[in-house]
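In what follows, a structure is listed as structure tokens, so that the remarks can point back to it.
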Amino acid sequence: PNNTCLPETNVLKRLSLYNNQITNFLHSFCEYCGMLDYLYLHGNSIPSIPADIGFPEVNVLRILHFSSNQIEEIPECIFKNLSRLSIFYINSNKLVRLPNNSCLPCDNNVMATLHFQHNKIPYIPKGFIKCMNHLNYLNIYGNRLKYTIPPEEYPVPNRLQHIHQPYNLISGSLRENFLCVINMEYLTSVQLYNNKISGVPNNTGLTLPNMLTWLYLHNNLITFIPNSFFANMTVLKYLYLQSNLLISLPDFCTDNVLLPNLLYLHLHRTNVHIFPNISCFKETLIFFSIGANYLREIPITVFLYSNETIQTFQPMKLNIFQVHDNYIQNISTDIFKFMPYLTELAVYSQNLKYLADIGVFNSTLDKFMTSLPI
């Protein structure tokens with residue numbers, strides 16, 4: 001509509017026009033939307049946002065939803081009069097560029113969440129998020145980024161909690177791509193999976209935020225990760241390293257690696273030849289996947305503290321253990337004594353000739369997958 005019948009005293013708070021066939025967004029549409037909090041226009045066929053979009057100078061709009069349209073670019077000064085906008089969705093469009101935000105007010109900007117996933121954005125322009133001092137969630141999943149955002153382009157102070165940049169074309173070393181997060185004291189989630197990131201020769205001067213809880217680096221080209229990379233991750237719970245080209249794994253149980261809260265450890269298809277020591281995760285780890293590697297044995301020592309024996313040991317809390325698609329020929333009964341809480345065991349597609357009595361699980365095992373006749 002062109003809003004010719006809309007009174008200037010309009011007090012409309014929420015307007016939902018999503019999942020229609022709207023193809024035109026007129027300048028006059030928002031002229032009298034000064035009291036509008038939420039505007040939902042996703043799931044239409046809008047090809048562009050007018051440069052003079054017409055938001056009144058005084059407005060309270062907090063959520064603007066343009067996802068799943070046909071939009072190719074964002075006007076340079078779209079945020080000029082949107083000082084209270086905190087959540088902006090423009091994912092699943094045809095964006096090929098972002099504005100430089102030269103009109104963005106830095107003094108009263110409250111932008112907190114940006115969704116740009118599933119577009120064709122090749123880079124984040126200089127100055128685009130510099131003034132977004134309250135930004136805590138940045139999602140650029142599935143674009144054409146070739147590098148992460150340089151550290152000098154992030155706002156100061158930095159309140160980012162989530163950085164999602166998977167399914168892009170990001171290359172370079174792990175160190176280069178993590179320099180930007182060094183001073184992000186609130187950061188809890190980094191997702192850089194399905195890119196082209198390689199390994200790091202060392203970790204000098206790189207201390208990652210100690211609030212990091214989710215670290216997703218799977219499906220990259222990482223060949224090496226030093227022990228010191230994990231030195232500050234005391235609250236890390238989810239570590240995904242599967243489908244990389246690791247020559248060797250970090251020694252997770254050394255003094256300079258402290259992961260006391262790790263719950264999930266994914267090492268599937270990482271080129272591993274030696275089973276890692278996981279004894280330091282006895283009290284926390286519930287999911288461990290190390291399938292599709294080159295393992296030939298599972299040593300009992302990887303489950304034991306240095307002062308433990310096979311007769312006196314603390315069991316692991318592991319619920320799911322996936323060690324399928326390796327070259328293991330036998331698994332002894334003693335191994336299963338360390339895992340009395342297992343609910344799923346996957347050992348299929350091996351060279352297994354003998355599998356120990358799984359009766360040691362009593363009634364805990366819900367799912368058992370093997371290529372051996374039972």
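Naming scheme: A, B, ... for chains in displayed order of the structure tokens; residues 1 onward per chain; ligands 1 onward as shown.
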Residue list (helix (DSSP H, G or I), DSSP) for range 76-296 of chain A, as a VMD selection string: chain A and resid 151 to 153 174 to 181 227 to 230 279 to 281
Any chance you could export the current selection's N, CA and C atoms as a PDB file, in the first residue's frame?
ATOM      1  N   PRO A 151      40.837  -7.400  12.823  1.00  0.00           N
ATOM      2  CA  PRO A 151      40.563  -6.996  14.215  1.00  0.00           C
ATOM      3  C   PRO A 151      40.304  -5.513  14.389  1.00  0.00           C
ATOM      4  N   GLU A 152      40.941  -4.675  13.566  1.00  0.00           N
ATOM      5  CA  GLU A 152      40.752  -3.231  13.720  1.00  0.00           C
ATOM      6  C   GLU A 152      39.356  -2.776  13.276  1.00  0.00           C
ATOM      7  N   GLU A 153      38.599  -3.660  12.616  1.00  0.00           N
ATOM      8  CA  GLU A 153      37.273  -3.290  12.141  1.00  0.00           C
ATOM      9  C   GLU A 153      36.176  -3.597  13.151  1.00  0.00           C
ATOM     10  N   LEU A 174      45.179 -20.729  10.834  1.00  0.00           N
ATOM     11  CA  LEU A 174      44.301 -20.636  11.982  1.00  0.00           C
ATOM     12  C   LEU A 174      44.663 -19.408  12.816  1.00  0.00           C
ATOM     13  N   ARG A 175      45.949 -19.141  12.919  1.00  0.00           N
ATOM     14  CA  ARG A 175      46.399 -17.987  13.699  1.00  0.00           C
ATOM     15  C   ARG A 175      45.909 -16.676  13.087  1.00  0.00           C
ATOM     16  N   GLU A 176      46.026 -16.549  11.775  1.00  0.00           N
ATOM     17  CA  GLU A 176      45.581 -15.328  11.102  1.00  0.00           C
ATOM     18  C   GLU A 176      44.092 -15.079  11.318  1.00  0.00           C
ATOM     19  N   ASN A 177      43.311 -16.136  11.294  1.00  0.00           N
ATOM     20  CA  ASN A 177      41.867 -15.986  11.397  1.00  0.00           C
ATOM     21  C   ASN A 177      41.385 -15.841  12.829  1.00  0.00           C
ATOM     22  N   PHE A 178      42.258 -16.077  13.808  1.00  0.00           N
ATOM     23  CA  PHE A 178      41.861 -15.916  15.195  1.00  0.00           C
ATOM     24  C   PHE A 178      42.437 -14.670  15.842  1.00  0.00           C
ATOM     25  N   LEU A 179      43.264 -13.935  15.122  1.00  0.00           N
ATOM     26  CA  LEU A 179      43.793 -12.690  15.675  1.00  0.00           C
ATOM     27  C   LEU A 179      42.678 -11.719  16.027  1.00  0.00           C
ATOM     28  N   CYS A 180      41.579 -11.788  15.261  1.00  0.00           N
ATOM     29  CA  CYS A 180      40.484 -10.839  15.468  1.00  0.00           C
ATOM     30  C   CYS A 180      39.734 -11.066  16.769  1.00  0.00           C
ATOM     31  N   VAL A 181      39.851 -12.236  17.390  1.00  0.00           N
ATOM     32  CA  VAL A 181      39.027 -12.519  18.562  1.00  0.00           C
ATOM     33  C   VAL A 181      39.779 -12.386  19.884  1.00  0.00           C
ATOM     34  N   ASN A 227      49.492 -27.416  21.305  1.00  0.00           N
ATOM     35  CA  ASN A 227      48.838 -27.559  22.601  1.00  0.00           C
ATOM     36  C   ASN A 227      48.407 -26.212  23.175  1.00  0.00           C
ATOM     37  N   SER A 228      49.251 -25.209  22.981  1.00  0.00           N
ATOM     38  CA  SER A 228      48.996 -23.898  23.582  1.00  0.00           C
ATOM     39  C   SER A 228      47.753 -23.218  23.028  1.00  0.00           C
ATOM     40  N   PHE A 229      47.249 -23.702  21.906  1.00  0.00           N
ATOM     41  CA  PHE A 229      46.043 -23.116  21.320  1.00  0.00           C
ATOM     42  C   PHE A 229      44.863 -23.231  22.276  1.00  0.00           C
ATOM     43  N   PHE A 230      44.853 -24.273  23.104  1.00  0.00           N
ATOM     44  CA  PHE A 230      43.733 -24.515  24.006  1.00  0.00           C
ATOM     45  C   PHE A 230      44.015 -24.050  25.439  1.00  0.00           C
ATOM     46  N   SER A 279      42.139 -39.383  29.252  1.00  0.00           N
ATOM     47  CA  SER A 279      41.912 -39.629  30.679  1.00  0.00           C
ATOM     48  C   SER A 279      41.521 -38.366  31.444  1.00  0.00           C
ATOM     49  N   CYS A 280      41.971 -37.210  30.969  1.00  0.00           N
ATOM     50  CA  CYS A 280      41.675 -35.956  31.675  1.00  0.00           C
ATOM     51  C   CYS A 280      40.225 -35.517  31.498  1.00  0.00           C
ATOM     52  N   PHE A 281      39.470 -36.227  30.654  1.00  0.00           N
ATOM     53  CA  PHE A 281      38.062 -35.876  30.425  1.00  0.00           C
ATOM     54  C   PHE A 281      37.108 -36.840  31.127  1.00  0.00           C
TER      55      PHE A 281
END
Which residue of A:Gln21, A:Leu259, A:Asn91, A:Gln161 approaches Val235 in chain A most closely, using only C-alpha atoms: A:Leu259
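Shortest separation to Val60 in chain A among A:Lys13, A:Arg159, A:Lys146, A:Lys126 occurs at residue A:Lys13, atoms counted being only C-alpha atoms.
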Neighbour list for range 320-330 of chain A as JSON, numbers by chain, cut-off 6 Å, only C-alpha atoms, skip fewer than 6 positions in-chain: {"A": [287, 288, 289, 290, 291, 292, 293, 294, 295, 296, 297, 342, 344, 345, 346, 347, 348, 349, 350, 351, 352, 353, 354, 355]}
Run DSSP on the backbone and tell me which residues of range 127-366 of chain A come out as strand (DSSP E or B); list them as a PDB file with N, CA, C and O atoms, in the first residue's frame.
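What landed in out.pdb:
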ATOM      1  N   TYR A 137      25.898 -10.730  18.110  1.00  0.00           N
ATOM      2  CA  TYR A 137      25.688 -11.897  17.248  1.00  0.00           C
ATOM      3  C   TYR A 137      25.881 -11.484  15.792  1.00  0.00           C
ATOM      4  O   TYR A 137      25.178 -10.607  15.295  1.00  0.00           O
ATOM      5  N   LEU A 138      26.854 -12.117  15.125  1.00  0.00           N
ATOM      6  CA  LEU A 138      27.144 -11.810  13.727  1.00  0.00           C
ATOM      7  C   LEU A 138      27.143 -13.109  12.932  1.00  0.00           C
ATOM      8  O   LEU A 138      27.980 -13.980  13.140  1.00  0.00           O
ATOM      9  N   ASN A 139      26.174 -13.256  12.026  1.00  0.00           N
ATOM     10  CA  ASN A 139      26.033 -14.476  11.244  1.00  0.00           C
ATOM     11  C   ASN A 139      26.238 -14.167   9.764  1.00  0.00           C
ATOM     12  O   ASN A 139      25.432 -13.479   9.144  1.00  0.00           O
ATOM     13  N   HIS A 162      28.895 -14.233  19.553  1.00  0.00           N
ATOM     14  CA  HIS A 162      28.808 -15.295  18.549  1.00  0.00           C
ATOM     15  C   HIS A 162      29.313 -14.791  17.196  1.00  0.00           C
ATOM     16  O   HIS A 162      28.836 -13.770  16.698  1.00  0.00           O
ATOM     17  N   ILE A 163      30.264 -15.506  16.621  1.00  0.00           N
ATOM     18  CA  ILE A 163      30.749 -15.218  15.272  1.00  0.00           C
ATOM     19  C   ILE A 163      30.527 -16.462  14.423  1.00  0.00           C
ATOM     20  O   ILE A 163      31.150 -17.498  14.658  1.00  0.00           O
ATOM     21  N   HIS A 164      29.634 -16.371  13.447  1.00  0.00           N
ATOM     22  CA  HIS A 164      29.316 -17.500  12.585  1.00  0.00           C
ATOM     23  C   HIS A 164      29.689 -17.154  11.147  1.00  0.00           C
ATOM     24  O   HIS A 164      29.029 -16.347  10.500  1.00  0.00           O
ATOM     25  N   SER A 173      45.965 -19.120   7.683  1.00  0.00           N
ATOM     26  CA  SER A 173      46.240 -19.982   8.828  1.00  0.00           C
ATOM     27  C   SER A 173      45.217 -19.773   9.935  1.00  0.00           C
ATOM     28  O   SER A 173      44.503 -18.775   9.976  1.00  0.00           O
ATOM     29  N   SER A 189      31.072 -18.320  21.190  1.00  0.00           N
ATOM     30  CA  SER A 189      30.904 -19.250  20.071  1.00  0.00           C
ATOM     31  C   SER A 189      31.630 -18.757  18.827  1.00  0.00           C
ATOM     32  O   SER A 189      31.429 -17.613  18.397  1.00  0.00           O
ATOM     33  N   VAL A 190      32.491 -19.618  18.265  1.00  0.00           N
ATOM     34  CA  VAL A 190      33.159 -19.346  16.988  1.00  0.00           C
ATOM     35  C   VAL A 190      32.871 -20.509  16.047  1.00  0.00           C
ATOM     36  O   VAL A 190      33.186 -21.663  16.359  1.00  0.00           O
ATOM     37  N   GLN A 191      32.264 -20.200  14.915  1.00  0.00           N
ATOM     38  CA  GLN A 191      31.952 -21.228  13.926  1.00  0.00           C
ATOM     39  C   GLN A 191      32.598 -20.845  12.600  1.00  0.00           C
ATOM     40  O   GLN A 191      32.158 -19.914  11.931  1.00  0.00           O
ATOM     41  N   SER A 198      43.958 -23.344   7.114  1.00  0.00           N
ATOM     42  CA  SER A 198      45.056 -24.302   7.284  1.00  0.00           C
ATOM     43  C   SER A 198      45.555 -24.270   8.731  1.00  0.00           C
ATOM     44  O   SER A 198      44.948 -23.649   9.592  1.00  0.00           O
ATOM     45  N   TRP A 214      31.802 -22.862  22.459  1.00  0.00           N
ATOM     46  CA  TRP A 214      31.631 -23.632  21.225  1.00  0.00           C
ATOM     47  C   TRP A 214      32.737 -23.249  20.244  1.00  0.00           C
ATOM     48  O   TRP A 214      32.890 -22.074  19.915  1.00  0.00           O
ATOM     49  N   LEU A 215      33.479 -24.248  19.763  1.00  0.00           N
ATOM     50  CA  LEU A 215      34.524 -24.011  18.768  1.00  0.00           C
ATOM     51  C   LEU A 215      34.359 -25.030  17.650  1.00  0.00           C
ATOM     52  O   LEU A 215      34.635 -26.220  17.814  1.00  0.00           O
ATOM     53  N   TYR A 216      33.879 -24.559  16.494  1.00  0.00           N
ATOM     54  CA  TYR A 216      33.591 -25.432  15.354  1.00  0.00           C
ATOM     55  C   TYR A 216      34.569 -25.122  14.224  1.00  0.00           C
ATOM     56  O   TYR A 216      34.464 -24.090  13.558  1.00  0.00           O
ATOM     57  N   TYR A 238      32.265 -27.727  23.600  1.00  0.00           N
ATOM     58  CA  TYR A 238      32.051 -28.385  22.316  1.00  0.00           C
ATOM     59  C   TYR A 238      33.219 -28.083  21.392  1.00  0.00           C
ATOM     60  O   TYR A 238      33.434 -26.924  21.012  1.00  0.00           O
ATOM     61  N   LEU A 239      33.982 -29.114  21.031  1.00  0.00           N
ATOM     62  CA  LEU A 239      35.148 -28.961  20.166  1.00  0.00           C
ATOM     63  C   LEU A 239      34.984 -29.865  18.949  1.00  0.00           C
ATOM     64  O   LEU A 239      34.987 -31.093  19.063  1.00  0.00           O
ATOM     65  N   TYR A 240      34.826 -29.249  17.766  1.00  0.00           N
ATOM     66  CA  TYR A 240      34.605 -29.983  16.518  1.00  0.00           C
ATOM     67  C   TYR A 240      35.819 -29.782  15.616  1.00  0.00           C
ATOM     68  O   TYR A 240      36.031 -28.689  15.089  1.00  0.00           O
ATOM     69  N   TYR A 264      31.785 -32.549  24.362  1.00  0.00           N
ATOM     70  CA  TYR A 264      31.772 -33.170  23.039  1.00  0.00           C
ATOM     71  C   TYR A 264      33.134 -32.986  22.372  1.00  0.00           C
ATOM     72  O   TYR A 264      33.634 -31.858  22.274  1.00  0.00           O
ATOM     73  N   LEU A 265      33.702 -34.090  21.889  1.00  0.00           N
ATOM     74  CA  LEU A 265      34.973 -34.038  21.175  1.00  0.00           C
ATOM     75  C   LEU A 265      34.828 -34.823  19.879  1.00  0.00           C
ATOM     76  O   LEU A 265      34.652 -36.044  19.888  1.00  0.00           O
ATOM     77  N   HIS A 266      34.880 -34.105  18.745  1.00  0.00           N
ATOM     78  CA  HIS A 266      34.718 -34.714  17.424  1.00  0.00           C
ATOM     79  C   HIS A 266      36.069 -34.751  16.715  1.00  0.00           C
ATOM     80  O   HIS A 266      36.623 -33.703  16.362  1.00  0.00           O
ATOM     81  N   PHE A 287      30.473 -37.392  24.782  1.00  0.00           N
ATOM     82  CA  PHE A 287      30.451 -37.785  23.373  1.00  0.00           C
ATOM     83  C   PHE A 287      31.866 -37.741  22.826  1.00  0.00           C
ATOM     84  O   PHE A 287      32.539 -36.719  22.917  1.00  0.00           O
ATOM     85  N   PHE A 288      32.310 -38.859  22.242  1.00  0.00           N
ATOM     86  CA  PHE A 288      33.646 -38.919  21.661  1.00  0.00           C
ATOM     87  C   PHE A 288      33.590 -39.683  20.347  1.00  0.00           C
ATOM     88  O   PHE A 288      33.204 -40.845  20.308  1.00  0.00           O
ATOM     89  N   SER A 289      33.945 -38.998  19.264  1.00  0.00           N
ATOM     90  CA  SER A 289      33.946 -39.608  17.933  1.00  0.00           C
ATOM     91  C   SER A 289      35.349 -39.539  17.346  1.00  0.00           C
ATOM     92  O   SER A 289      35.929 -38.457  17.239  1.00  0.00           O
ATOM     93  N   ILE A 320      28.450 -41.814  24.460  1.00  0.00           N
ATOM     94  CA  ILE A 320      28.537 -42.204  23.046  1.00  0.00           C
ATOM     95  C   ILE A 320      29.999 -42.304  22.639  1.00  0.00           C
ATOM     96  O   ILE A 320      30.767 -41.353  22.805  1.00  0.00           O
ATOM     97  N   PHE A 321      30.371 -43.486  22.104  1.00  0.00           N
ATOM     98  CA  PHE A 321      31.746 -43.744  21.693  1.00  0.00           C
ATOM     99  C   PHE A 321      31.723 -44.276  20.261  1.00  0.00           C
ATOM    100  O   PHE A 321      31.195 -45.354  19.982  1.00  0.00           O
ATOM    101  N   GLN A 322      32.259 -43.481  19.324  1.00  0.00           N
ATOM    102  CA  GLN A 322      32.275 -43.852  17.906  1.00  0.00           C
ATOM    103  C   GLN A 322      33.708 -44.038  17.435  1.00  0.00           C
ATOM    104  O   GLN A 322      34.479 -43.079  17.385  1.00  0.00           O
ATOM    105  N   ASN A 330      41.069 -56.031  17.376  1.00  0.00           N
ATOM    106  CA  ASN A 330      40.334 -56.538  18.535  1.00  0.00           C
ATOM    107  C   ASN A 330      40.211 -55.450  19.592  1.00  0.00           C
ATOM    108  O   ASN A 330      41.031 -54.539  19.667  1.00  0.00           O
ATOM    109  N   ILE A 331      39.144 -55.572  20.372  1.00  0.00           N
ATOM    110  CA  ILE A 331      38.882 -54.651  21.469  1.00  0.00           C
ATOM    111  C   ILE A 331      38.662 -55.497  22.713  1.00  0.00           C
ATOM    112  O   ILE A 331      37.770 -56.343  22.744  1.00  0.00           O
ATOM    113  N   GLU A 344      25.683 -45.712  23.454  1.00  0.00           N
ATOM    114  CA  GLU A 344      25.880 -45.984  22.025  1.00  0.00           C
ATOM    115  C   GLU A 344      27.343 -46.305  21.753  1.00  0.00           C
ATOM    116  O   GLU A 344      28.242 -45.575  22.168  1.00  0.00           O
ATOM    117  N   LEU A 345      27.555 -47.414  21.037  1.00  0.00           N
ATOM    118  CA  LEU A 345      28.898 -47.836  20.655  1.00  0.00           C
ATOM    119  C   LEU A 345      28.902 -48.156  19.168  1.00  0.00           C
ATOM    120  O   LEU A 345      28.096 -48.953  18.691  1.00  0.00           O
ATOM    121  N   ALA A 346      29.788 -47.506  18.410  1.00  0.00           N
ATOM    122  CA  ALA A 346      29.892 -47.735  16.965  1.00  0.00           C
ATOM    123  C   ALA A 346      31.298 -48.242  16.642  1.00  0.00           C
ATOM    124  O   ALA A 346      32.272 -47.504  16.771  1.00  0.00           O
ATOM    125  N   TYR A 354      37.811 -59.954  16.707  1.00  0.00           N
ATOM    126  CA  TYR A 354      37.322 -60.324  18.033  1.00  0.00           C
ATOM    127  C   TYR A 354      36.819 -59.085  18.748  1.00  0.00           C
ATOM    128  O   TYR A 354      37.452 -58.044  18.736  1.00  0.00           O
ATOM    129  N   LEU A 355      35.664 -59.202  19.344  1.00  0.00           N
ATOM    130  CA  LEU A 355      35.113 -58.132  20.151  1.00  0.00           C
ATOM    131  C   LEU A 355      34.781 -58.687  21.520  1.00  0.00           C
ATOM    132  O   LEU A 355      34.145 -59.736  21.646  1.00  0.00           O
TER     133      LEU A 355
END
Neighbour list for range 223-225 of chain A as a PyMOL selection string, cut-off 12 Å, only C-alpha atoms, skip fewer than 6 positions in-chain: chain A and resi 173-175+196-203+217+231+241-252+257+270-272
Spatial neighbours of Leu12 in chain A, max dist 9 Å, only C-alpha atoms, sep filter under 4 positions, as a ChimeraX atom specification: /A:33-37
Put those residues in a file: C-alpha atoms, as an mmCIF file, in the first residue's frame.
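Heads up, here's the output in part-v7.cif:
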data_model
loop_
_atom_site.group_PDB
_atom_site.id
_atom_site.type_symbol
_atom_site.label_atom_id
_atom_site.label_comp_id
_atom_site.auth_asym_id
_atom_site.auth_seq_id
_atom_site.Cartn_x
_atom_site.Cartn_y
_atom_site.Cartn_z
ATOM 1 C CA CYS A 33 5.447 4.148 11.224
ATOM 2 C CA GLY A 34 6.991 6.098 14.071
ATOM 3 C CA MET A 35 5.528 3.795 16.743
ATOM 4 C CA LEU A 36 6.293 0.520 14.949
ATOM 5 C CA ASP A 37 8.442 -1.922 16.962
#
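CA of Ile121 in chain A lies 9.0 Å from CA of Gly142 in chain A.
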8 Å contact set for Leu169 in chain A, only C-alpha atoms, chain neighbours under 5 positions out, as a ChimeraX atom specification: /A:143-147,195-196
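Taking CA of Leu236 in chain A and CA of Ser171 in chain A as the two end points, the separation is 24.1 Å.
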Interatomic distance (Å, one decimal) between CA of Phe336 in chain A and CA of Ile300 in chain A: 9.8 Å
Long-range neighbours of Asn210 in chain A as a ChimeraX atom specification, 9 Å cut-off, only C-alpha atoms, 4 positions minimum in chain: /A:185-188,232-236
